[in-house]
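Dumped data_18.tsv below, it's TSV, C-alpha atoms and all ligand atoms:
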chain	number	residue	atom	x	y	z
A	1	MET	CA	0.00	0.00	0.00
A	2	GLN	CA	1.37	3.39	-1.01
A	3	GLU	CA	0.37	5.28	2.15
A	4	PRO	CA	1.89	3.72	5.30
A	5	GLN	CA	-0.19	6.05	7.49
A	6	TRP	CA	-3.32	4.13	6.44
A	7	LEU	CA	-1.87	0.86	7.68
A	8	GLU	CA	-0.84	2.51	10.95
A	9	ALA	CA	-4.31	4.07	11.39
A	10	LEU	CA	-5.99	0.73	10.62
A	11	GLN	CA	-3.77	-1.01	13.14
A	12	ARG	CA	-4.62	1.61	15.82
A	13	LEU	CA	-8.35	1.21	15.08
A	14	TRP	CA	-8.07	-2.58	15.33
A	15	GLU	CA	-6.20	-2.38	18.65
A	16	GLU	CA	-8.80	0.06	20.05
A	17	GLY	CA	-11.52	-2.35	18.89
A	18	GLU	CA	-9.85	-5.32	20.58
A	19	ARG	CA	-9.47	-3.36	23.85
A	20	HIS	CA	-13.15	-2.36	23.63
A	21	ASP	CA	-14.26	-5.96	23.01
A	22	ALA	CA	-12.13	-7.28	25.88
A	23	VAL	CA	-14.15	-5.26	28.41
A	24	ALA	CA	-17.58	-5.17	26.68
A	25	LEU	CA	-19.97	-7.09	28.90
A	26	GLU	CA	-22.42	-8.15	26.21
A	27	ARG	CA	-21.71	-9.66	22.81
A	28	ALA	CA	-24.19	-7.19	21.27
A	29	HIS	CA	-21.87	-4.35	22.34
A	30	LYS	CA	-18.70	-5.84	20.83
A	31	ASN	CA	-17.22	-4.64	17.52
A	32	LEU	CA	-16.12	-8.16	16.46
A	33	PHE	CA	-13.67	-6.99	13.82
A	34	ILE	CA	-12.08	-9.18	11.19
A	35	THR	CA	-8.39	-9.79	11.87
A	36	PRO	CA	-5.73	-7.59	10.22
A	37	ASP	CA	-4.55	-10.45	7.97
A	38	THR	CA	-8.15	-10.87	6.78
A	39	GLY	CA	-8.20	-7.14	6.05
A	40	ARG	CA	-5.05	-7.50	3.96
A	41	PHE	CA	-6.57	-10.52	2.17
A	42	LEU	CA	-9.75	-8.58	1.30
A	43	TYR	CA	-7.67	-5.61	0.18
A	44	GLN	CA	-5.56	-7.80	-2.12
A	45	LEU	CA	-8.62	-9.45	-3.69
A	46	VAL	CA	-10.51	-6.20	-4.27
A	47	ARG	CA	-7.45	-4.25	-5.40
A	48	SER	CA	-6.55	-6.91	-7.92
A	49	LEU	CA	-10.02	-7.95	-9.16
A	50	ARG	CA	-11.32	-4.36	-9.48
A	51	PRO	CA	-14.98	-5.25	-8.81
A	52	ALA	CA	-17.36	-2.41	-9.71
A	53	ARG	CA	-20.17	-3.31	-7.31
A	54	VAL	CA	-19.11	-4.49	-3.87
A	55	LEU	CA	-21.42	-5.44	-0.99
A	56	GLU	CA	-20.45	-5.93	2.64
A	57	VAL	CA	-22.96	-7.53	5.00
A	58	GLY	CA	-22.02	-6.55	8.58
A	59	THR	CA	-20.41	-3.08	8.83
A	60	SER	CA	-20.08	-2.89	12.62
A	61	VAL	CA	-18.02	0.32	13.16
A	62	GLY	CA	-16.32	0.04	9.79
A	63	TYR	CA	-12.96	-1.71	10.26
A	64	SER	CA	-13.48	-4.20	7.40
A	65	THR	CA	-15.35	-1.49	5.45
A	66	LEU	CA	-12.20	0.66	5.56
A	67	TRP	CA	-10.07	-2.14	4.09
A	68	LEU	CA	-12.57	-2.62	1.24
A	69	ALA	CA	-12.97	1.12	0.65
A	70	LEU	CA	-9.18	1.67	0.62
A	71	ALA	CA	-8.88	-0.96	-2.09
A	72	LEU	CA	-11.42	1.00	-4.16
A	73	ARG	CA	-10.19	4.49	-3.23
A	74	ASP	CA	-9.14	5.57	-6.75
A	75	ARG	CA	-11.61	3.45	-8.71
A	76	SER	CA	-14.23	5.97	-9.78
A	77	ALA	CA	-16.30	3.23	-11.47
A	78	SER	CA	-16.52	1.18	-8.25
A	79	HIS	CA	-18.79	1.55	-5.27
A	80	LEU	CA	-19.18	-0.23	-1.95
A	81	LYS	CA	-22.47	-0.72	-0.12
A	82	SER	CA	-22.29	-1.89	3.48
A	83	LEU	CA	-25.31	-3.14	5.44
A	84	ASP	CA	-25.80	-3.28	9.17
A	85	ILE	CA	-28.95	-3.69	11.20
A	86	ASP	CA	-27.50	-1.56	14.05
A	87	PRO	CA	-27.67	2.19	13.36
A	88	ALA	CA	-25.44	3.11	16.33
A	89	ARG	CA	-22.60	1.01	14.96
A	90	GLN	CA	-23.08	2.47	11.49
A	91	ALA	CA	-22.89	6.02	12.90
A	92	GLN	CA	-19.42	5.14	14.22
A	93	ALA	CA	-18.53	3.57	10.87
A	94	SER	CA	-19.56	6.78	9.15
A	95	ALA	CA	-17.24	8.80	11.42
A	96	ASN	CA	-14.37	6.37	10.73
A	97	LEU	CA	-14.87	6.66	6.96
A	98	VAL	CA	-14.80	10.46	7.24
A	99	ARG	CA	-11.54	10.23	9.25
A	100	PHE	CA	-9.96	8.24	6.41
A	101	GLY	CA	-11.39	10.54	3.70
A	102	LEU	CA	-13.35	7.59	2.27
A	103	ALA	CA	-16.96	8.56	3.00
A	104	GLY	CA	-17.70	9.22	-0.69
A	105	ARG	CA	-16.70	5.68	-1.68
A	106	VAL	CA	-19.25	3.91	0.55
A	107	SER	CA	-23.02	3.85	1.02
A	108	LEU	CA	-23.85	2.75	4.56
A	109	LEU	CA	-27.30	1.20	4.67
A	110	GLY	CA	-28.89	0.65	8.08
A	111	THR	CA	-31.03	-2.33	7.26
A	112	ASP	CA	-31.65	-6.01	7.86
A	113	ALA	CA	-29.65	-7.93	5.24
A	114	GLY	CA	-32.38	-10.56	4.65
A	115	PRO	CA	-35.07	-8.34	3.06
A	116	TRP	CA	-32.42	-6.21	1.36
A	117	LEU	CA	-30.88	-9.22	-0.39
A	118	ALA	CA	-34.32	-10.56	-1.34
A	119	ALA	CA	-35.21	-7.25	-3.02
A	120	ALA	CA	-31.88	-6.53	-4.76
A	121	GLN	CA	-31.48	-6.77	-8.53
A	122	THR	CA	-30.29	-9.96	-10.26
A	123	ASN	CA	-26.60	-9.88	-11.38
A	124	SER	CA	-26.02	-6.63	-9.47
A	125	LEU	CA	-22.93	-7.58	-7.44
A	126	ASP	CA	-19.34	-8.40	-8.40
A	127	PHE	CA	-17.95	-9.00	-4.89
A	128	ILE	CA	-19.67	-9.83	-1.60
A	129	PHE	CA	-18.18	-9.96	1.89
A	130	LEU	CA	-20.36	-11.71	4.49
A	131	ASP	CA	-19.70	-10.99	8.17
A	132	ALA	CA	-23.02	-10.75	10.04
A	133	ASP	CA	-25.57	-13.21	11.41
A	134	ARG	CA	-24.04	-16.54	10.39
A	135	ARG	CA	-27.10	-18.67	11.15
A	136	ARG	CA	-29.03	-16.78	8.46
A	137	TYR	CA	-26.53	-17.28	5.63
A	138	ALA	CA	-28.10	-20.53	4.38
A	139	GLY	CA	-31.37	-18.62	3.93
A	140	TYR	CA	-29.48	-15.91	2.01
A	141	TRP	CA	-27.91	-18.40	-0.41
A	142	PRO	CA	-30.70	-18.40	-3.07
A	143	HIS	CA	-30.53	-14.59	-3.16
A	144	LEU	CA	-26.72	-14.49	-3.16
A	145	GLN	CA	-26.65	-16.85	-6.17
A	146	ARG	CA	-29.05	-14.58	-8.02
A	147	LEU	CA	-27.20	-11.35	-7.14
A	148	LEU	CA	-23.66	-12.47	-7.93
A	149	VAL	CA	-22.56	-12.03	-11.55
A	150	PRO	CA	-20.84	-14.93	-13.33
A	151	GLY	CA	-17.19	-14.67	-12.31
A	152	GLY	CA	-18.19	-12.87	-9.10
A	153	LEU	CA	-16.56	-13.66	-5.77
A	154	LEU	CA	-18.01	-14.07	-2.28
A	155	VAL	CA	-15.91	-14.20	0.90
A	156	MET	CA	-17.40	-15.31	4.23
A	157	ASP	CA	-15.56	-14.70	7.51
A	158	ASN	CA	-15.62	-17.08	10.51
A	159	ALA	CA	-15.51	-20.31	8.50
A	160	LEU	CA	-13.13	-21.84	11.07
A	161	SER	CA	-13.92	-19.89	14.26
A	162	HIS	CA	-17.68	-20.64	13.97
A	163	ALA	CA	-17.72	-23.65	11.68
A	164	THR	CA	-20.86	-25.17	13.21
A	165	GLU	CA	-22.89	-21.98	12.73
A	166	CYS	CA	-21.70	-21.75	9.11
A	167	ALA	CA	-22.11	-25.46	8.28
A	168	GLU	CA	-25.58	-25.30	6.72
A	169	PHE	CA	-24.45	-22.49	4.40
A	170	VAL	CA	-21.15	-24.16	3.52
A	171	ASP	CA	-22.94	-27.45	2.76
A	172	ALA	CA	-25.52	-25.67	0.60
A	173	VAL	CA	-22.81	-23.90	-1.40
A	174	ILE	CA	-20.79	-27.08	-1.92
A	175	ALA	CA	-23.94	-28.89	-3.09
A	176	THR	CA	-24.71	-26.17	-5.68
A	177	LYS	CA	-23.42	-26.71	-9.22
A	178	GLY	CA	-21.61	-23.83	-10.91
A	179	TYR	CA	-19.56	-22.64	-7.92
A	180	LEU	CA	-16.10	-23.47	-6.64
A	181	ALA	CA	-15.53	-22.93	-2.93
A	182	GLU	CA	-12.60	-23.34	-0.55
A	183	THR	CA	-11.81	-22.39	3.05
A	184	TYR	CA	-8.49	-20.69	3.75
A	185	PRO	CA	-6.85	-20.50	7.19
A	186	ILE	CA	-6.64	-16.71	7.27
A	187	GLY	CA	-7.84	-14.97	10.42
A	188	LYS	CA	-11.03	-16.64	11.60
A	189	GLY	CA	-11.24	-18.71	8.39
A	190	GLN	CA	-12.24	-17.36	5.00
A	191	PHE	CA	-14.73	-19.36	2.89
A	192	VAL	CA	-14.24	-18.11	-0.66
A	193	ILE	CA	-16.76	-18.87	-3.40
A	194	VAL	CA	-16.39	-18.10	-7.10
A	195	LYS	CA	-19.36	-18.30	-9.46
A	196	ASP	CA	-18.36	-19.88	-12.78
A	201	LIG	C1	-18.94	-9.44	13.21
A	201	LIG	S1	-19.72	-7.89	13.17
A	201	LIG	C2	-19.06	-7.17	11.68
A	201	LIG	C3	-17.63	-6.77	11.84
A	201	LIG	C4	-17.09	-5.99	10.65
A	201	LIG	N1	-17.27	-6.73	9.40
A	201	LIG	C5	-15.61	-5.72	10.84
A	201	LIG	O1	-14.82	-6.64	10.68
A	201	LIG	O2	-15.26	-4.57	11.13
A	201	LIG	C6	-21.34	-8.35	12.66
A	201	LIG	C7	-22.28	-7.19	12.36
A	201	LIG	O3	-23.41	-7.73	11.68
A	201	LIG	C8	-24.53	-6.98	12.05
A	201	LIG	N2	-25.73	-7.78	11.78
A	201	LIG	C9	-26.20	-8.85	12.48
A	201	LIG	N3	-27.32	-9.32	11.92
A	201	LIG	C10	-27.55	-8.56	10.82
A	201	LIG	C11	-28.56	-8.56	9.82
A	201	LIG	N4	-29.55	-9.45	9.84
A	201	LIG	N5	-28.50	-7.63	8.85
A	201	LIG	C12	-27.49	-6.73	8.82
A	201	LIG	N6	-26.52	-6.67	9.74
A	201	LIG	C13	-26.54	-7.58	10.73
A	201	LIG	C14	-24.32	-6.67	13.52
A	201	LIG	O4	-25.06	-5.53	13.92
A	201	LIG	C15	-22.80	-6.46	13.58
A	201	LIG	O5	-22.46	-5.08	13.53

What does this structure look like when you write it as structure tokens?
Ligand SMILES: C[S@@+](CC[C@H](N)C(=O)[O-])C[C@H]1O[C@@H](n2cnc3c(N)ncnc32)[C@H](O)[C@@H]1O
Amino acid sequence: MQEPQWLEALQRLWEEGERHDAVALERAHKNLFITPDTGRFLYQLVRSLRPARVLEVGTSVGYSTLWLALALRDRSASHLKSLDIDPARQAQASANLVRFGLAGRVSLLGTDAGPWLAAAQTNSLDFIFLDADRRRYAGYWPHLQRLLVPGGLLVMDNALSHATECAEFVDAVIATKGYLAETYPIGKGQFVIVKD
């Protein structure tokens, strides 16, 4: 990355998030960030693949959103939408994007991913990052198949850290013709799916 100050600022944000989560009493109050190596992995994929239409499901306070937005920072034809059901978290994400000068690259949508995915247009996404309510992913799969363009990529976090919660989704993907999927031991486990 050309600007080392971004990496330093991302590292500081991640460390603040980890300190916050260590003392947060309830899971609902935790940030639950991806790991820094997962951030670098997402950055490499998005920087190299140049997807025009990127969707993140699960903004939290914007740590993973920043990695994705940095990868798109000078791609005027690309745009990132990020969904989160929790408006308070998205307000913090908005402030973080402003701090990085990336607010214009991202639409933050405070909404439940389920109805949003069901209503979205067919073939409207080139890259999807899933990091939200894992038990609902299997129900999202018919919509995700419809939304992803041929050649599109989907990355799901927590494939190893929460394998049981992700199992129904992973099994459904593997049983679907026309996709190639693999889990990589990066961070909490990245399940990567490409649509042929
Ligand atoms: C693990 S955190 C996301 C962390 C973020 N990707 C990062 O690494 O910085 C999961 C987020 O998903 C959101 N979420 C949970 N269920 C959701 C749903 N049905 N629709 C949209 N967002 C949801 C939660 O509010 C939470 O902020």

Residue neighbourhood Gly151 of chain A, 9 Å, all atoms listed in the file, exclusion window fewer than 3 positions, as a PyMOL selection string:
chain A and resi 126+148+194-196

Residue selection dump (C-alpha atoms) as a PDB file, keeping the file's coordinate frame:
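Written output follows (part-v4.pdb):
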ATOM      1  CA  ASP A 126     -19.340  -8.400  -8.400  1.00  0.00           C
ATOM      2  CA  LEU A 148     -23.660 -12.470  -7.930  1.00  0.00           C
ATOM      3  CA  VAL A 194     -16.390 -18.100  -7.100  1.00  0.00           C
ATOM      4  CA  LYS A 195     -19.360 -18.300  -9.460  1.00  0.00           C
ATOM      5  CA  ASP A 196     -18.360 -19.880 -12.780  1.00  0.00           C
TER       6      ASP A 196
END

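Here atom CA of Asp133 of chain A is placed at a distance of 22.6 Å from atom CA of Arg40 of chain A.
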
With a distance cut-off of 7 Å and all atoms listed in the file, select the neighbouring residues of segment 77-84 of chain A, excluding the residue or stretch itself and same-chain residues fewer than 2 positions from it, and output the selection as JSON, numbers by chain.
{"A": [51, 52, 53, 54, 55, 56, 57, 58, 59, 60, 69, 72, 75, 86, 90, 105, 106, 107, 108, 109, 110, 111, 112, 113]}

Select, from A:Val192, A:Val61, A:Leu147, A:Leu68, the residue with the minimum atom-to-atom distance to Ala88 of chain A, counting all atoms listed in the file.
A:Val61

Which residue gives the smallest distance to ligand LIG 201 (chain A) among A:Glu26, A:Asp74, A:Asp131, A:Glu15, with all atoms listed in the file counted?
A:Asp131

Return the padded bounding box of ligand LIG 201 (chain A) as JSON: axis-aligned, built from all atoms listed in the file, 3 Å added on each side, with centre and edge lengths in Å to one decimal.
{"center_x": -22.2, "center_y": -7.0, "center_z": 11.4, "size_x": 20.7, "size_y": 10.9, "size_z": 11.1}

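Take the candidates A:Ile85, A:Ile128, A:Ala120, A:Val149 and check each one against Gly178 of chain A using all atoms listed in the file; the shortest distance goes to A:Val149.
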
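For Ala172 of chain A, the residues within 12 Å (counting only C-alpha atoms, excluding itself and residues fewer than 5 positions away along the chain) are Tyr137, Ala138, Gly139, Tyr140, Trp141, Pro142, Leu144, Gln145, Cys166, Ala167, Lys177, Tyr179, Ala181 and Ile193 of chain A.
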
So which residues are close to (-5.9, 0.3, 0.8), meaning at most 12 Å away in the file's coordinates with all atoms listed in the file counted, and can you show them as a ChimeraX atom specification?
/A:1-10,39-48,63-75,100-102

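Closest to ligand LIG 201 (chain A) among A:Ala91, A:Leu125, A:Ala132, A:Ala103 is A:Ala132, based on all atoms listed in the file.
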
Contacts of Ala159 of chain A at 8 Å (all atoms listed in the file; same-chain gap of 2+ positions) as a PyMOL selection string
chain A and resi 156-157+161-163+166+183+188-191

Minimum-distance residue to Leu153 of chain A, chosen among A:Ala119, A:Ile174, A:Leu49, A:Gln92 (using only C-alpha atoms)
A:Leu49

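With only C-alpha atoms as the atoms that count, the minimum distance from Phe33 of chain A to the choices A:Arg134, A:Asn96, A:Thr122, A:Gly187 is reached by A:Gly187.
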
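Computed from the coordinates, the atom CA of Leu117 of chain A to atom CA of Lys30 of chain A distance equals 24.7 Å.
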
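The coordinates place atom CA of Leu154 of chain A at 17.1 Å from atom C10 of ligand LIG 201 (chain A).
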